[in-house]
$ cat input.pdb   # PDB, C-alpha atoms and all ligand atoms
MODEL        1
ATOM      1  CA  MET A1284       0.000   0.000   0.000
ATOM      2  CA  LEU A1285       1.270   3.447  -0.945
ATOM      3  CA  GLU A1286      -0.040   6.691   0.495
ATOM      4  CA  LYS A1287       0.166  10.282  -0.637
ATOM      5  CA  ILE A1288      -1.416  13.346   0.944
ATOM      6  CA  TYR A1289      -3.012  16.064  -1.143
ATOM      7  CA  ASN A1290      -4.272  19.314   0.345
ATOM      8  CA  ASP A1291      -7.323  20.977  -1.083
ATOM      9  CA  PRO A1292      -8.123  24.501   0.176
ATOM     10  CA  GLU A1293     -11.808  23.655   0.684
ATOM     11  CA  ILE A1294     -11.790  19.961   1.597
ATOM     12  CA  GLY A1295      -8.531  19.904   3.564
ATOM     13  CA  GLU A1296      -6.321  16.839   3.724
ATOM     14  CA  ILE A1297      -7.042  14.028   1.264
ATOM     15  CA  LYS A1298      -5.328  10.682   1.421
ATOM     16  CA  LEU A1299      -4.554   9.031  -1.899
ATOM     17  CA  VAL A1300      -4.049   5.337  -1.375
ATOM     18  CA  ARG A1301      -2.712   2.910  -3.938
ATOM     19  CA  SER A1302      -3.101  -0.750  -3.253
ATOM     20  CA  ALA A1303      -2.830  -3.914  -5.273
ATOM     21  CA  GLY A1304      -5.952  -5.404  -6.765
ATOM     22  CA  LEU A1305      -7.960  -2.188  -7.059
ATOM     23  CA  ARG A1306      -9.835  -1.926 -10.322
ATOM     24  CA  ARG A1307     -11.879   1.178  -9.852
ATOM     25  CA  MET A1308     -11.273   4.532  -8.276
ATOM     26  CA  SER A1309     -13.454   5.342  -5.288
ATOM     27  CA  ILE A1310     -13.794   8.131  -2.755
ATOM     28  CA  LYS A1311     -14.523   7.467   0.910
ATOM     29  CA  VAL A1312     -15.524  10.082   3.453
ATOM     30  CA  HIS A1313     -15.195   8.877   7.050
ATOM     31  CA  PRO A1314     -16.125  10.958  10.139
ATOM     32  CA  LEU A1315     -12.821  10.089  11.850
ATOM     33  CA  LYS A1316     -10.437   8.978   9.134
ATOM     34  CA  GLY A1317     -11.226  11.819   6.748
ATOM     35  CA  VAL A1318     -11.300  11.776   2.953
ATOM     36  CA  ARG A1319      -9.583   9.002   1.070
ATOM     37  CA  ILE A1320      -9.326   8.142  -2.611
ATOM     38  CA  ASN A1321      -8.519   4.582  -3.562
ATOM     39  CA  VAL A1322      -6.348   4.711  -6.657
ATOM     40  CA  PRO A1323      -5.650   1.700  -8.879
ATOM     41  CA  TRP A1324      -1.910   1.152  -9.693
ATOM     42  CA  LEU A1325      -2.023   2.324 -13.280
ATOM     43  CA  VAL A1326      -3.997   5.505 -12.694
ATOM     44  CA  PRO A1327      -1.814   8.644 -12.303
ATOM     45  CA  TYR A1328      -2.418  10.738  -9.169
ATOM     46  CA  GLY A1329      -3.394  13.707 -11.361
ATOM     47  CA  VAL A1330      -6.311  11.718 -12.768
ATOM     48  CA  ALA A1331      -7.379  10.790  -9.243
ATOM     49  CA  ILE A1332      -7.362  14.461  -8.244
ATOM     50  CA  SER A1333      -9.496  15.434 -11.256
ATOM     51  CA  PHE A1334     -11.876  12.629 -10.335
ATOM     52  CA  LEU A1335     -12.097  14.061  -6.831
ATOM     53  CA  MET A1336     -12.707  17.586  -8.185
ATOM     54  CA  SER A1337     -15.604  16.288 -10.278
ATOM     55  CA  LYS A1338     -17.194  15.012  -7.028
ATOM     56  CA  LYS A1339     -16.196  17.950  -4.869
ATOM     57  CA  ASP A1340     -19.748  19.103  -4.074
ATOM     58  CA  TRP A1341     -20.658  15.611  -2.929
ATOM     59  CA  VAL A1342     -17.528  15.326  -0.759
ATOM     60  CA  ILE A1343     -18.138  18.685   0.920
ATOM     61  CA  SER A1344     -21.808  18.009   1.579
ATOM     62  CA  THR A1345     -20.979  14.560   2.973
ATOM     63  CA  ILE A1346     -18.408  16.024   5.371
ATOM     64  CA  GLU A1347     -20.958  18.632   6.418
ATOM     65  CA  ARG A1348     -23.662  16.013   7.007
ATOM     66  CA  GLN A1349     -21.327  13.835   9.073
ATOM     67  CA  ARG A1350     -20.300  16.837  11.192
ATOM     68  CA  GLN A1351     -23.914  17.611  11.978
ATOM     69  CA  LYS A1352     -24.640  14.010  12.808
ATOM     70  CA  TYR A1353     -21.622  13.239  14.953
ATOM     71  CA  GLY A1354     -20.664  16.643  16.296
ATOM     72  CA  ALA A1355     -16.981  17.335  16.446
ATOM     73  CA  VAL A1356     -15.735  13.773  16.735
ATOM     74  CA  LYS A1357     -12.005  13.442  17.095
ATOM     75  CA  ALA A1358      -9.864  10.350  16.927
ATOM     76  CA  MET A1359      -8.974   9.010  20.378
ATOM     77  CA  THR A1360      -5.357   8.921  21.479
ATOM     78  CA  PRO A1361      -3.918   5.538  22.567
ATOM     79  CA  SER A1362      -3.984   6.616  26.221
ATOM     80  CA  GLU A1363      -7.642   7.676  25.971
ATOM     81  CA  ILE A1364      -8.431   4.267  24.484
ATOM     82  CA  GLU A1365      -6.597   2.528  27.342
ATOM     83  CA  ALA A1366      -8.530   4.557  29.910
ATOM     84  CA  MET A1367     -11.756   3.591  28.172
ATOM     85  CA  ARG A1368     -10.670  -0.067  28.143
ATOM     86  CA  ALA A1369      -9.973  -0.006  31.882
ATOM     87  CA  GLU A1370     -13.366   1.565  32.521
ATOM     88  CA  ALA A1371     -15.045  -1.025  30.261
ATOM     89  CA  LYS A1372     -13.369  -3.904  32.116
ATOM     90  CA  ARG A1373     -14.414  -2.435  35.432
ATOM     91  CA  VAL A1374     -18.056  -1.844  34.504
ATOM     92  CA  LEU A1375     -19.319  -4.069  31.673
ATOM     93  CA  PRO A1376     -18.811  -7.661  32.952
ATOM     94  CA  GLY A1377     -20.704  -6.869  36.167
ATOM     95  CA  ARG A1378     -23.510  -5.133  34.315
ATOM     96  CA  LEU A1379     -23.847  -8.077  31.911
ATOM     97  CA  ALA A1380     -23.911 -10.542  34.825
ATOM     98  CA  LEU A1381     -26.626  -8.557  36.584
ATOM     99  CA  LEU A1382     -28.866  -8.410  33.505
ATOM    100  CA  ALA A1383     -28.250 -12.082  32.692
ATOM    101  CA  GLU A1384     -29.244 -13.127  36.175
ATOM    102  CA  ARG A1385     -32.336 -10.944  36.225
ATOM    103  CA  TYR A1386     -33.649 -12.279  32.926
ATOM    104  CA  GLY A1387     -32.433 -15.867  33.223
ATOM    105  CA  PHE A1388     -29.606 -16.043  30.664
ATOM    106  CA  THR A1389     -26.425 -18.094  31.003
ATOM    107  CA  TYR A1390     -23.361 -17.247  28.961
ATOM    108  CA  GLY A1391     -19.779 -18.468  28.685
ATOM    109  CA  ARG A1392     -16.880 -16.038  28.607
ATOM    110  CA  VAL A1393     -17.123 -12.279  28.244
ATOM    111  CA  THR A1394     -14.406 -10.390  26.364
ATOM    112  CA  ILE A1395     -13.892  -6.645  25.983
ATOM    113  CA  ARG A1396     -12.854  -5.688  22.448
ATOM    114  CA  HIS A1397     -12.005  -2.576  20.547
ATOM    115  CA  ASN A1398     -13.184  -2.354  16.946
ATOM    116  CA  SER A1399     -15.071   0.054  14.769
ATOM    117  CA  SER A1400     -17.555  -2.390  13.271
ATOM    118  CA  ASN A1401     -19.873  -3.637  16.017
ATOM    119  CA  TRP A1402     -20.996  -2.842  19.567
ATOM    120  CA  GLY A1403     -21.065  -6.445  20.625
ATOM    121  CA  SER A1404     -21.423 -10.011  19.452
ATOM    122  CA  CYS A1405     -22.467 -13.390  20.742
ATOM    123  CA  SER A1406     -20.816 -16.572  19.480
ATOM    124  CA  GLY A1407     -22.557 -19.865  18.790
ATOM    125  CA  ARG A1408     -20.834 -21.213  21.917
ATOM    126  CA  GLY A1409     -22.427 -18.564  24.077
ATOM    127  CA  ASN A1410     -19.398 -16.324  24.534
ATOM    128  CA  ILE A1411     -20.132 -12.625  24.490
ATOM    129  CA  SER A1412     -17.795  -9.939  23.267
ATOM    130  CA  LEU A1413     -18.413  -6.284  24.068
ATOM    131  CA  ASN A1414     -16.963  -3.159  22.481
ATOM    132  CA  LEU A1415     -15.189  -0.869  24.936
ATOM    133  CA  ASN A1416     -17.043   2.059  23.304
ATOM    134  CA  LEU A1417     -20.113   0.923  25.265
ATOM    135  CA  VAL A1418     -18.923   2.939  28.249
ATOM    136  CA  ARG A1419     -19.525   6.118  26.199
ATOM    137  CA  LEU A1420     -23.225   5.375  25.838
ATOM    138  CA  PRO A1421     -25.909   6.480  28.289
ATOM    139  CA  ARG A1422     -26.779   3.601  30.623
ATOM    140  CA  VAL A1423     -30.086   2.761  28.947
ATOM    141  CA  LEU A1424     -28.436   2.364  25.522
ATOM    142  CA  CYS A1425     -25.505   0.375  26.889
ATOM    143  CA  ASP A1426     -27.951  -1.975  28.641
ATOM    144  CA  TYR A1427     -29.894  -2.305  25.417
ATOM    145  CA  VAL A1428     -26.785  -3.610  23.603
ATOM    146  CA  LEU A1429     -26.067  -6.040  26.463
ATOM    147  CA  LEU A1430     -29.658  -7.323  26.369
ATOM    148  CA  HIS A1431     -29.464  -7.669  22.586
ATOM    149  CA  GLU A1432     -26.406  -9.927  22.938
ATOM    150  CA  LEU A1433     -27.997 -11.893  25.788
ATOM    151  CA  CYS A1434     -31.103 -12.563  23.663
ATOM    152  CA  HIS A1435     -28.799 -14.056  21.010
ATOM    153  CA  LEU A1436     -28.012 -16.837  23.509
ATOM    154  CA  ARG A1437     -31.511 -18.138  22.766
ATOM    155  CA  HIS A1438     -31.948 -17.000  19.174
ATOM    156  CA  HIS A1439     -28.866 -16.716  16.997
ATOM    157  CA  ASP A1440     -30.528 -14.690  14.261
ATOM    158  CA  HIS A1441     -32.549 -11.487  14.049
ATOM    159  CA  GLY A1442     -35.836 -13.260  13.347
ATOM    160  CA  PRO A1443     -39.261 -12.559  14.907
ATOM    161  CA  ALA A1444     -38.628 -14.827  17.929
ATOM    162  CA  PHE A1445     -35.437 -12.931  18.736
ATOM    163  CA  HIS A1446     -37.150  -9.557  18.412
ATOM    164  CA  LEU A1447     -40.140 -10.556  20.521
ATOM    165  CA  LEU A1448     -37.857 -11.742  23.315
ATOM    166  CA  LEU A1449     -35.691  -8.614  23.126
ATOM    167  CA  GLU A1450     -38.727  -6.326  23.101
ATOM    168  CA  HIS A1451     -40.191  -8.170  26.090
ATOM    169  CA  VAL A1452     -37.013  -8.031  28.158
ATOM    170  CA  CYS A1453     -36.296  -4.410  27.178
ATOM    171  CA  THR A1454     -39.795  -3.256  28.076
ATOM    172  CA  ASP A1455     -39.379  -4.609  31.584
ATOM    173  CA  HIS A1456     -35.895  -3.177  31.892
ATOM    174  CA  ILE A1457     -36.681   0.304  30.601
ATOM    175  CA  LEU A1458     -39.622   0.581  32.996
ATOM    176  CA  ARG A1459     -37.369  -0.370  35.905
ATOM    177  CA  LEU A1460     -34.846   2.264  34.841
ATOM    178  CA  SER A1461     -37.458   4.977  34.443
ATOM    179  CA  ASP A1462     -39.054   4.050  37.781
ATOM    180  CA  SER A1463     -35.668   4.481  39.410
ATOM    181  CA  GLY A1464     -35.442   8.022  38.007
ATOM    182  CA  ASP A1465     -33.480   7.492  34.769
ATOM    183  CA  GLU A1466     -34.776  10.395  32.669
ATOM    184  CA  GLU A1467     -33.288   9.155  29.415
ATOM    185  CA  ALA A1468     -34.922   5.762  29.846
ATOM    186  CA  ALA A1469     -38.253   7.458  30.530
ATOM    187  CA  SER A1470     -37.997   9.531  27.367
ATOM    188  CA  PHE A1471     -37.143   6.469  25.212
ATOM    189  CA  ALA A1472     -40.126   4.661  26.727
ATOM    190  CA  ARG A1473     -42.398   7.573  25.771
ATOM    191  CA  GLU A1474     -40.971   7.712  22.263
ATOM    192  CA  ALA A1475     -41.426   3.957  21.829
ATOM    193  CA  ALA A1476     -45.020   4.168  23.044
ATOM    194  CA  MET A1477     -45.778   6.509  20.136
ATOM    195  CA  SER A1478     -43.907   4.471  17.519
ATOM    196  CA  LYS A1479     -45.927   2.405  15.077
ATOM    197  CA  SER A1480     -43.025   0.022  14.480
ATOM    198  CA  ARG A1481     -43.546  -3.683  15.136
ATOM    199  CA  TYR A1482     -40.621  -3.615  17.580
ATOM    200  CA  PRO A1483     -40.858  -0.061  18.928
ATOM    201  CA  LEU A1484     -38.130  -0.179  21.592
ATOM    202  CA  ASP A1485     -35.692  -1.772  19.205
ATOM    203  CA  ARG A1486     -36.470   0.890  16.626
ATOM    204  CA  VAL A1487     -36.038   3.805  19.024
ATOM    205  CA  MET A1488     -32.889   2.496  20.729
ATOM    206  CA  THR A1489     -31.181   1.378  17.530
ATOM    207  CA  SER A1490     -31.593   4.756  15.911
ATOM    208  CA  ALA A1491     -30.324   6.482  19.087
ATOM    209  CA  ILE A1492     -27.210   4.277  19.117
ATOM    210  CA  LYS A1493     -26.480   5.117  15.479
ATOM    211  CA  LYS A1494     -25.768   8.676  16.563
ATOM    212  CA  TYR A1495     -22.690   7.462  18.433
ATOM    213  CA  PRO A1496     -19.799   6.612  16.142
ATOM    214  CA  LEU A1497     -17.458   3.803  17.241
ATOM    215  CA  VAL A1498     -14.043   5.315  17.871
TER     216      VAL A1498
HETATM  217 ZN    ZN A1501     -27.665  -9.110  16.842
ENDMDL
END

$ encode --input "input.pdb" --output "structure tokens"
Amino acid sequence: MLEKIYNDPEIGEIKLVRSAGLRRMSIKVHPLKGVRINVPWLVPYGVAISFLMSKKDWVISTIERQRQKYGAVKAMTPSEIEAMRAEAKRVLPGRLALLAERYGFTYGRVTIRHNSSNWGSCSGRGNISLNLNLVRLPRVLCDYVLLHELCHLRHHDHGPAFHLLLEHVCTDHILRLSDSGDEEAASFAREAAMSKSRYPLDRVMTSAIKKYPLV
């Protein structure tokens, strides 16, 4: 892989990346990693820049949209990540154990991971892996992800049986949280009550979580 940086007065820094096996040029705009053009080996950089210029309006409006959606998100430093990992190890296993016991789930191992693709996962063997980013979420949303993974212990897909179980467990949980004074939980419960979706809590919580980028 070969990288070159190009600076555009309006867009800012653009990474031009050549790597083997690329057939087509493409532009990626990422809220943390910035703008990147994938350039096939035989295409001169000048051609890649002209390609970018032809899509400039799109690039600028995409950056603008991502800024509005995510706020000013900055990349975390390694020491910030380590602090988050320590916090995740301190908080998440206990929280998962509490929810599992309350709702009658049994799981194997729990691992804390750091990746930018998913909040959590549950293996076929019943091991649960949790993203350390979960500690950045409000409690009600973090619990929602934990309950989602716990429900996968019984249903390994996202079919109707899975969703009914998750909705059932979440309804009980969100009411407990709001009864104990959790304002955010109370407002999600109200929003879900007005939703016409088949799985209202899932709908409301999932779209709230999407506002938090994984860093
Ligand atoms: Zn799932």

$ atom_distance --input "input.pdb" --atom1 "atom CA of Asp1426 of chain A" --atom2 "atom CA of Thr1389 of chain A"
16.4 Å

$ residues_near_ligand --input "input.pdb" --ligand "ligand ZN 1501 (chain A)" --cutoff "9 Å" --atoms "only C-alpha atoms and all ligand atoms" --output "short mmCIF file (atom, residue, chain, number, x, y, z; two decimals) with C-alpha atoms, in the frame of the given file"
data_model
loop_
_atom_site.label_atom_id
_atom_site.label_comp_id
_atom_site.auth_asym_id
_atom_site.auth_seq_id
_atom_site.Cartn_x
_atom_site.Cartn_y
_atom_site.Cartn_z
CA GLY A 1403 -21.06 -6.44 20.62
CA SER A 1404 -21.42 -10.01 19.45
CA CYS A 1405 -22.47 -13.39 20.74
CA VAL A 1428 -26.78 -3.61 23.60
CA HIS A 1431 -29.46 -7.67 22.59
CA GLU A 1432 -26.41 -9.93 22.94
CA CYS A 1434 -31.10 -12.56 23.66
CA HIS A 1435 -28.80 -14.06 21.01
CA HIS A 1439 -28.87 -16.72 17.00
CA ASP A 1440 -30.53 -14.69 14.26
CA HIS A 1441 -32.55 -11.49 14.05
CA PHE A 1445 -35.44 -12.93 18.74
#

$ atom_distance --input "input.pdb" --atom1 "atom CA of Glu1370 of chain A" --atom2 "atom CA of Glu1450 of chain A"
28.2 Å

$ closest_residue --input "input.pdb" --among "A:Pro1496, A:Trp1402, A:Val1300, A:His1456" --to "Gln1349 of chain A" --atoms "only C-alpha atoms"
A:Pro1496

$ closest_residue --input "input.pdb" --among "A:Thr1345, A:Asn1410, A:Asn1290, A:Ser1461" --to "Ile1310 of chain A" --atoms "all atoms listed in the file"
A:Thr1345

$ resolve_selection --input "input.pdb" --expression "the PyMOL selection byres (((chain A and resi 1313-1325) around 6) and not hetatm)" --output "list in words"
Ile1297, Lys1298, Leu1299, Val1300, Arg1301, Leu1305, Arg1306, Met1308, Ser1309, Ile1310, Lys1311, Val1312, Val1326 and Ala1358 of chain A

$ write_last_selection --input "input.pdb" --atoms "C-alpha atoms" --output "PDB file, keeping the file's coordinate frame"
ATOM      1  CA  ILE A1297      -7.042  14.028   1.264  1.00  0.00           C
ATOM      2  CA  LYS A1298      -5.328  10.682   1.421  1.00  0.00           C
ATOM      3  CA  LEU A1299      -4.554   9.031  -1.899  1.00  0.00           C
ATOM      4  CA  VAL A1300      -4.049   5.337  -1.375  1.00  0.00           C
ATOM      5  CA  ARG A1301      -2.712   2.910  -3.938  1.00  0.00           C
ATOM      6  CA  LEU A1305      -7.960  -2.188  -7.059  1.00  0.00           C
ATOM      7  CA  ARG A1306      -9.835  -1.926 -10.322  1.00  0.00           C
ATOM      8  CA  MET A1308     -11.273   4.532  -8.276  1.00  0.00           C
ATOM      9  CA  SER A1309     -13.454   5.342  -5.288  1.00  0.00           C
ATOM     10  CA  ILE A1310     -13.794   8.131  -2.755  1.00  0.00           C
ATOM     11  CA  LYS A1311     -14.523   7.467   0.910  1.00  0.00           C
ATOM     12  CA  VAL A1312     -15.524  10.082   3.453  1.00  0.00           C
ATOM     13  CA  VAL A1326      -3.997   5.505 -12.694  1.00  0.00           C
ATOM     14  CA  ALA A1358      -9.864  10.350  16.927  1.00  0.00           C
TER      15      ALA A1358
END

$ resolve_selection --input "input.pdb" --expression "the PyMOL selection byres (((chain A and resi 1408) around 10) and not hetatm)" --output "MDAnalysis selection string"
chainID A and resid 1390:1392 1405:1407 1409:1411 1436

$ closest_residue --input "input.pdb" --among "A:Val1342, A:Ser1333, A:Asp1465, A:Ser1302" --to "Glu1286 of chain A" --atoms "only C-alpha atoms"
A:Ser1302

$ resolve_selection --input "input.pdb" --expression "the PyMOL selection byres (((chain A and resi 1455) around 12) and not hetatm)" --output "number ranges by chain"
A: 1382, 1385-1386, 1427, 1430, 1448-1454, 1456-1462, 1468, 1472, 1484

$ atom_distance --input "input.pdb" --atom1 "atom CA of His1446 of chain A" --atom2 "atom CA of Glu1384 of chain A"
19.8 Å

$ decode --input "input.pdb" --residues "segment 1474-1495 of chain A" --atoms "N, CA and C atoms" --output "PDB file, in the first residue's frame"
ATOM      1  N   GLU A1474     -41.126   7.703  23.720  1.00  0.00           N
ATOM      2  CA  GLU A1474     -40.971   7.712  22.263  1.00  0.00           C
ATOM      3  C   GLU A1474     -41.434   6.382  21.657  1.00  0.00           C
ATOM      4  N   ALA A1475     -41.051   5.283  22.328  1.00  0.00           N
ATOM      5  CA  ALA A1475     -41.426   3.957  21.829  1.00  0.00           C
ATOM      6  C   ALA A1475     -42.938   3.762  21.870  1.00  0.00           C
ATOM      7  N   ALA A1476     -43.572   4.320  22.899  1.00  0.00           N
ATOM      8  CA  ALA A1476     -45.020   4.168  23.044  1.00  0.00           C
ATOM      9  C   ALA A1476     -45.760   4.820  21.877  1.00  0.00           C
ATOM     10  N   MET A1477     -45.124   5.816  21.253  1.00  0.00           N
ATOM     11  CA  MET A1477     -45.778   6.509  20.136  1.00  0.00           C
ATOM     12  C   MET A1477     -45.398   5.909  18.784  1.00  0.00           C
ATOM     13  N   SER A1478     -44.388   5.024  18.790  1.00  0.00           N
ATOM     14  CA  SER A1478     -43.907   4.471  17.519  1.00  0.00           C
ATOM     15  C   SER A1478     -44.884   3.422  16.992  1.00  0.00           C
ATOM     16  N   LYS A1479     -45.024   3.391  15.671  1.00  0.00           N
ATOM     17  CA  LYS A1479     -45.927   2.405  15.077  1.00  0.00           C
ATOM     18  C   LYS A1479     -45.161   1.164  14.633  1.00  0.00           C
ATOM     19  N   SER A1480     -43.861   1.135  14.916  1.00  0.00           N
ATOM     20  CA  SER A1480     -43.025   0.022  14.480  1.00  0.00           C
ATOM     21  C   SER A1480     -43.462  -1.283  15.176  1.00  0.00           C
ATOM     22  N   ARG A1481     -43.179  -2.398  14.547  1.00  0.00           N
ATOM     23  CA  ARG A1481     -43.546  -3.683  15.136  1.00  0.00           C
ATOM     24  C   ARG A1481     -42.733  -3.951  16.409  1.00  0.00           C
ATOM     25  N   TYR A1482     -41.486  -3.467  16.403  1.00  0.00           N
ATOM     26  CA  TYR A1482     -40.621  -3.615  17.580  1.00  0.00           C
ATOM     27  C   TYR A1482     -40.189  -2.216  18.018  1.00  0.00           C
ATOM     28  N   PRO A1483     -41.094  -1.494  18.679  1.00  0.00           N
ATOM     29  CA  PRO A1483     -40.858  -0.061  18.928  1.00  0.00           C
ATOM     30  C   PRO A1483     -39.598   0.259  19.734  1.00  0.00           C
ATOM     31  N   LEU A1484     -39.318  -0.514  20.803  1.00  0.00           N
ATOM     32  CA  LEU A1484     -38.130  -0.179  21.592  1.00  0.00           C
ATOM     33  C   LEU A1484     -36.866  -0.381  20.780  1.00  0.00           C
ATOM     34  N   ASP A1485     -36.858  -1.492  20.037  1.00  0.00           N
ATOM     35  CA  ASP A1485     -35.692  -1.772  19.205  1.00  0.00           C
ATOM     36  C   ASP A1485     -35.465  -0.634  18.211  1.00  0.00           C
ATOM     37  N   ARG A1486     -36.540  -0.177  17.614  1.00  0.00           N
ATOM     38  CA  ARG A1486     -36.470   0.890  16.626  1.00  0.00           C
ATOM     39  C   ARG A1486     -35.885   2.178  17.221  1.00  0.00           C
ATOM     40  N   VAL A1487     -36.442   2.550  18.380  1.00  0.00           N
ATOM     41  CA  VAL A1487     -36.038   3.805  19.024  1.00  0.00           C
ATOM     42  C   VAL A1487     -34.588   3.742  19.527  1.00  0.00           C
ATOM     43  N   MET A1488     -34.239   2.625  20.158  1.00  0.00           N
ATOM     44  CA  MET A1488     -32.889   2.496  20.729  1.00  0.00           C
ATOM     45  C   MET A1488     -31.840   2.356  19.634  1.00  0.00           C
ATOM     46  N   THR A1489     -32.156   1.572  18.602  1.00  0.00           N
ATOM     47  CA  THR A1489     -31.181   1.378  17.530  1.00  0.00           C
ATOM     48  C   THR A1489     -30.873   2.702  16.845  1.00  0.00           C
ATOM     49  N   SER A1490     -31.907   3.515  16.606  1.00  0.00           N
ATOM     50  CA  SER A1490     -31.593   4.756  15.911  1.00  0.00           C
ATOM     51  C   SER A1490     -30.861   5.722  16.842  1.00  0.00           C
ATOM     52  N   ALA A1491     -31.079   5.631  18.152  1.00  0.00           N
ATOM     53  CA  ALA A1491     -30.324   6.482  19.087  1.00  0.00           C
ATOM     54  C   ALA A1491     -28.846   6.070  19.113  1.00  0.00           C
ATOM     55  N   ILE A1492     -28.600   4.769  19.070  1.00  0.00           N
ATOM     56  CA  ILE A1492     -27.210   4.277  19.117  1.00  0.00           C
ATOM     57  C   ILE A1492     -26.435   4.692  17.868  1.00  0.00           C
ATOM     58  N   LYS A1493     -27.153   4.752  16.733  1.00  0.00           N
ATOM     59  CA  LYS A1493     -26.480   5.117  15.479  1.00  0.00           C
ATOM     60  C   LYS A1493     -25.878   6.516  15.531  1.00  0.00           C
ATOM     61  N   LYS A1494     -26.335   7.325  16.459  1.00  0.00           N
ATOM     62  CA  LYS A1494     -25.768   8.676  16.563  1.00  0.00           C
ATOM     63  C   LYS A1494     -24.390   8.680  17.224  1.00  0.00           C
ATOM     64  N   TYR A1495     -24.014   7.546  17.806  1.00  0.00           N
ATOM     65  CA  TYR A1495     -22.690   7.462  18.433  1.00  0.00           C
ATOM     66  C   TYR A1495     -21.745   6.687  17.528  1.00  0.00           C
TER      67      TYR A1495
END
